[in-house]
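Chemist: Here it is: the structure, laid out below.
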Amino acid sequence: MIRFECDYGEGAAQPVLDLLQSTNLVQTPGYGTDDYCEQARGLIRTLCDAPEAGVHFFVGATQANFTLIDAALKPWQGVLCADSGHIHVHETGAVEATGHKCLALPGVQGKITAEQIRRAWDEHWASDSHEHTVQPGMVYLSNPTEDGTLYTKEELTDISAVCYDCGLYLFVDGARMAYGLTSPANDLSLEDYANLCDAFYLGGTKCGALFGEALVILNGELDRDFRYAIKQHGGMLAKGRLLGLQFLALLEGEDGTGCSPYYRMAARADALALRIRAAFEAKGCPMLFDSPTNQQFPILPDAWLAKLGEKYATSWIAKPDESHTAVRFCTSWATREEDVDALLADIAAL
């Protein structure tokens with residue numbers, strides 16, 4: 001079985017394994033206070049052009065999401081997000097378990113707009129009973145979204161302006177950020193995220209690391225005492241050096257031109273995914289979402305899906321009608337070109 005159902009089905013990129021092995025017996029202090037983590041923080045700050053940013057490493061994305069959200073919000077506040085947002089539909093109520101409601105807005109292709117955010121804010125304060133309802137305190141976005149789509153720089157700038165005007169924190173989930181940064185449709189840089197957001201993170205788990213996410217906090221108020229929140233939420237890894245090391249390996253040599261393993265592997269995954277999309281479109285299959293990243297969502301006749309399912313694993317997404325099914329084909333940093341070539345040949349033969 002050739003697996004295309006997710007981008008975390010393999011272990012880790014070779015540069016990560018090499019650095020972990022070569023430093024394995026080096027003694028360091030714990031909890032992310034080692035030199036490797038500090039070097040990784042410095043590299044990320046440089047790439048973001050944000051020398052004062054807080055950089056904190058987490059094992060996984062759900063952990064990063066609920067820790068940051070809980071630390072930022074007052075007990076009576078919630079977080080605005082798309083109705084398809086990961087924190088709303090795919091984290092088992094982790095944010096709600098901290099006492100903060102996900103305030104879902106109807107998304108289009110996985111995205112919400114500045115106008116929706118402004119409307120939700122205005123409607124809350126216009127209500128005579130606003131003190132009896134959850135107050136919006138933050139906006140959460142994923143980029144790429146759950147549907148593989150991308151926010152443009154203009155869209156993120158507009159959302160940032162509304163958040164600033166309303167006093168809302170802006171937090172971007174970057175679990176798949178590498179695949180967004182390298183997409184041919186992308187016009188955002190790490191410097192843009194740093195200028196427009198209160199916090200965001202660079203994903204590692206889905207982008208070549210064994211595990212790990214690098215949370216970047218640009219708002220000094222949020223960053224103050226944040227390590228207390230990490231510890232209280234079970235996120236402070238004793239062997240924290242394992243996280244910093246992985247980002248050092250992934251970002252080695254990066255100078256803003258995409259020359260590091262992190263960017264090169266993601267760009268390759270995007271290119272392979274777009275080849276898959278083109279093959280399905282050549283057979284007349286529409287896409288459920290207009291994704292320019294490593295996730296593609298063809299709508300297939302059920303007979304075709306059954307045939308492909310004998311050889312390829314995918315993720316079920318939706319049932320548009322009785323005879324068609326939308327599935328996700330997801331490439332990763334480790335996808336083999338020969339596996340994509342085999343898939344393309346089998347698509348052509350349908």
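Identifiers in this document derive from the order of the structure tokens: chains are assigned A, B, ..., residues are numbered from 1 separately in each chain, and ligands are numbered from 1 in order of occurrence.
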Run DSSP on the backbone and tell me which residues of segment 123-218 of chain A come out as strand (DSSP E or B); list them as an MDAnalysis selection string.

Modeler: chainID A and resid 135:142 169:173 199:203 213:217

Chemist: So which residues touch segment 331-348 of chain A within 8 Å, counting only C-alpha atoms, skipping near sequence neighbours fewer than 5 positions away, as a list in words?

Modeler: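 Here the qualifying residues turn out to be Ile2, Phe4, Cys6, Asp7, Tyr8, Glu10, Ala13, Lys206, Cys207, Gly208, Met265, Ala266, Arg268, Ala269, Asp270, Leu272, Ala273, Ile276, Ala279, Phe280, Lys283, Asn294, Gln295 and Leu308 of chain A.
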
Chemist: Tell me, as a list in words, which residues lie within 8 Å of segment 72-74 of chain A, counting only C-alpha atoms; anything in the same chain fewer than 2 positions away does not count.

Modeler: Leu68, Ile69, Asp70, Trp76, Gln77, Gly78, His100, Gly137, Met138, Tyr169 and Leu222 of chain A

Chemist: Hey, which of A:Leu181, A:Val59, A:Ala278, A:Ala120 ends up closest to Glu213 of chain A? Count only C-alpha atoms.

Modeler: A:Val59

Chemist: So what do you get for atom CA of Gly174 of chain A versus atom CA of Cys330 of chain A, distance-wise?

Modeler: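 If I compute the distance from atom CA of Gly174 of chain A to atom CA of Cys330 of chain A, I get 16.5 Å.
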
Chemist: Nearest residue to Asn186 of chain A out of A:Pro292, A:Gly204, A:Gly253, A:Gly258, using only C-alpha atoms?

Modeler: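 The shortest atom-to-atom distance to Asn186 of chain A comes from A:Pro292.
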
Chemist: Please identify all polymer residues within 6 Å of Leu215 of chain A, counting only C-alpha atoms, omitting same-chain residues fewer than 4 positions from it, and present them as a list in words.

Modeler: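 Residues near the query, excluding close chain neighbours: Val55, His56, Phe200 and Tyr201 of chain A.
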
Chemist: Please dump the current selection as a short mmCIF file (atom, residue, chain, number, x, y, z; two decimals), in the first residue's frame; keep N, CA, C and O atoms.

Modeler:
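Contents of result12.cif, freshly written:
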```cif
data_model
loop_
_atom_site.label_atom_id
_atom_site.label_comp_id
_atom_site.auth_asym_id
_atom_site.auth_seq_id
_atom_site.Cartn_x
_atom_site.Cartn_y
_atom_site.Cartn_z
N VAL A 55 10.73 32.50 21.30
CA VAL A 55 10.63 31.28 20.50
C VAL A 55 10.59 30.10 21.47
O VAL A 55 11.51 29.93 22.28
N HIS A 56 9.53 29.32 21.39
CA HIS A 56 9.30 28.22 22.32
C HIS A 56 8.98 26.96 21.54
O HIS A 56 8.20 26.98 20.59
N PHE A 200 2.69 32.92 15.95
CA PHE A 200 2.51 31.90 14.92
C PHE A 200 3.55 30.82 15.18
O PHE A 200 4.44 30.99 16.00
N TYR A 201 3.41 29.69 14.48
CA TYR A 201 4.47 28.71 14.63
C TYR A 201 4.85 28.05 13.33
O TYR A 201 4.06 27.99 12.38
#
```

Chemist: Need to verify the contact set: Val216 of chain A, 10 Å, only C-alpha atoms, exclusion of same-chain residues closer than 2 positions in sequence. Can you return it as a ChimeraX atom specification?

Modeler: /A:41,44-45,48,50,53-57,171-172,193-194,197-202,213-214,218-219,223

Chemist: Calculate how many Å separate atom CA of Met1 of chain A from atom CA of Tyr312 of chain A, rounding to one decimal.

Modeler: 5.6 Å

Chemist: Find the residue from A:Ala267, A:Glu155, A:Glu281, A:Gly212 that sits nearest to Leu237 of chain A; use only C-alpha atoms when measuring.

Modeler: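 Comparing A:Ala267, A:Glu155, A:Glu281, A:Gly212 against Leu237 of chain A, the winner is A:Gly212.
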
Chemist: May I ask which of the residues A:Ala82, A:Val139, A:Leu210, A:Leu243 is the closest one to Gly32 of chain A, counting only C-alpha atoms?

Modeler: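 Of the candidates, the smallest distance to Gly32 of chain A is held by A:Leu243.
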
Chemist: What separation in Å, quoted to one decimal, exists between atom CA of Thr257 of chain A and atom CA of Ala185 of chain A?

Modeler: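 Distance reported for this atom pair: 16.2 Å.
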
Chemist: So which one's closest to Leu242 of chain A, A:Leu103, A:Ile159, A:Ala209, A:Leu305? Using only C-alpha atoms, please.

Modeler: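 Answer, going by the shortest atom-to-atom distance: A:Ala209.
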
Chemist: When DSSP works through the backbone of this structure, what residues of segment 110-142 of chain A end up as helix (DSSP H, G or I), shown as number ranges by chain?

Modeler: A: 114-126, 130-132

Chemist: Export C-alpha atoms of the chosen residues as a CSV table (one decimal), in the first residue's frame?

Modeler:
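Generated file (part04.csv):
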```
chain,number,residue,atom,x,y,z
A,114,ALA,CA,-11.6,40.5,8.1
A,115,GLU,CA,-15.3,41.5,7.5
A,116,GLN,CA,-16.5,38.4,9.3
A,117,ILE,CA,-14.2,39.1,12.2
A,118,ARG,CA,-15.4,42.7,12.5
A,119,ARG,CA,-19.0,41.7,12.3
A,120,ALA,CA,-18.6,39.1,15.0
A,121,TRP,CA,-16.9,41.7,17.2
A,122,ASP,CA,-19.5,44.3,16.6
A,123,GLU,CA,-22.4,41.9,17.1
A,124,HIS,CA,-21.0,40.9,20.4
A,125,TRP,CA,-20.8,44.4,21.8
A,126,ALA,CA,-24.1,45.5,20.2
A,130,HIS,CA,-23.1,40.7,25.8
A,131,GLU,CA,-22.0,40.1,29.4
A,132,HIS,CA,-23.9,36.8,29.3
```

Chemist: In terms of the shortest atom-to-atom distance over only C-alpha atoms, which of A:Leu300, A:Ser315, A:Cys285, A:Ala40 is closest to Glu254 of chain A?

Modeler: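 Smallest distance to Glu254 of chain A is found for A:Ala40.
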
Chemist: Just want the 8 Å neighbourhood of Lys111 of chain A, counted on only C-alpha atoms, with same-chain residues fewer than 6 positions away dropped. Output as a list of chain:residue names.

Modeler: A:Ala82, A:Leu141, A:Thr145, A:Thr149, A:Tyr151

Chemist: For the selection you just gave me, I'd like the residues written to a file as a short mmCIF file (atom, residue, chain, number, x, y, z; two decimals), in the first residue's frame, keeping N, CA, C and O atoms.

Modeler:
```cif
data_model
loop_
_atom_site.label_atom_id
_atom_site.label_comp_id
_atom_site.auth_asym_id
_atom_site.auth_seq_id
_atom_site.Cartn_x
_atom_site.Cartn_y
_atom_site.Cartn_z
N ALA A 82 -12.30 29.60 11.82
CA ALA A 82 -13.15 29.03 10.77
C ALA A 82 -13.85 27.78 11.30
O ALA A 82 -13.33 27.09 12.17
N LEU A 141 -6.13 31.41 12.90
CA LEU A 141 -6.12 31.00 11.50
C LEU A 141 -5.15 29.85 11.34
O LEU A 141 -4.19 29.71 12.10
N THR A 145 -4.59 26.37 5.23
CA THR A 145 -5.79 25.99 5.95
C THR A 145 -5.96 24.47 5.93
O THR A 145 -5.20 23.74 5.29
N THR A 149 -5.74 25.57 1.28
CA THR A 149 -5.74 26.89 0.67
C THR A 149 -4.85 27.84 1.45
O THR A 149 -4.44 27.56 2.59
N TYR A 151 -4.01 31.97 2.73
CA TYR A 151 -4.31 33.39 2.88
C TYR A 151 -3.26 34.19 2.11
O TYR A 151 -2.06 33.86 2.15
#
```

Chemist: What lies within 8 Å of Glu146 of chain A using only C-alpha atoms, ignoring chain neighbours under 3 positions off, as a PyMOL selection string?

Modeler: chain A and resi 84-86+110+142+149
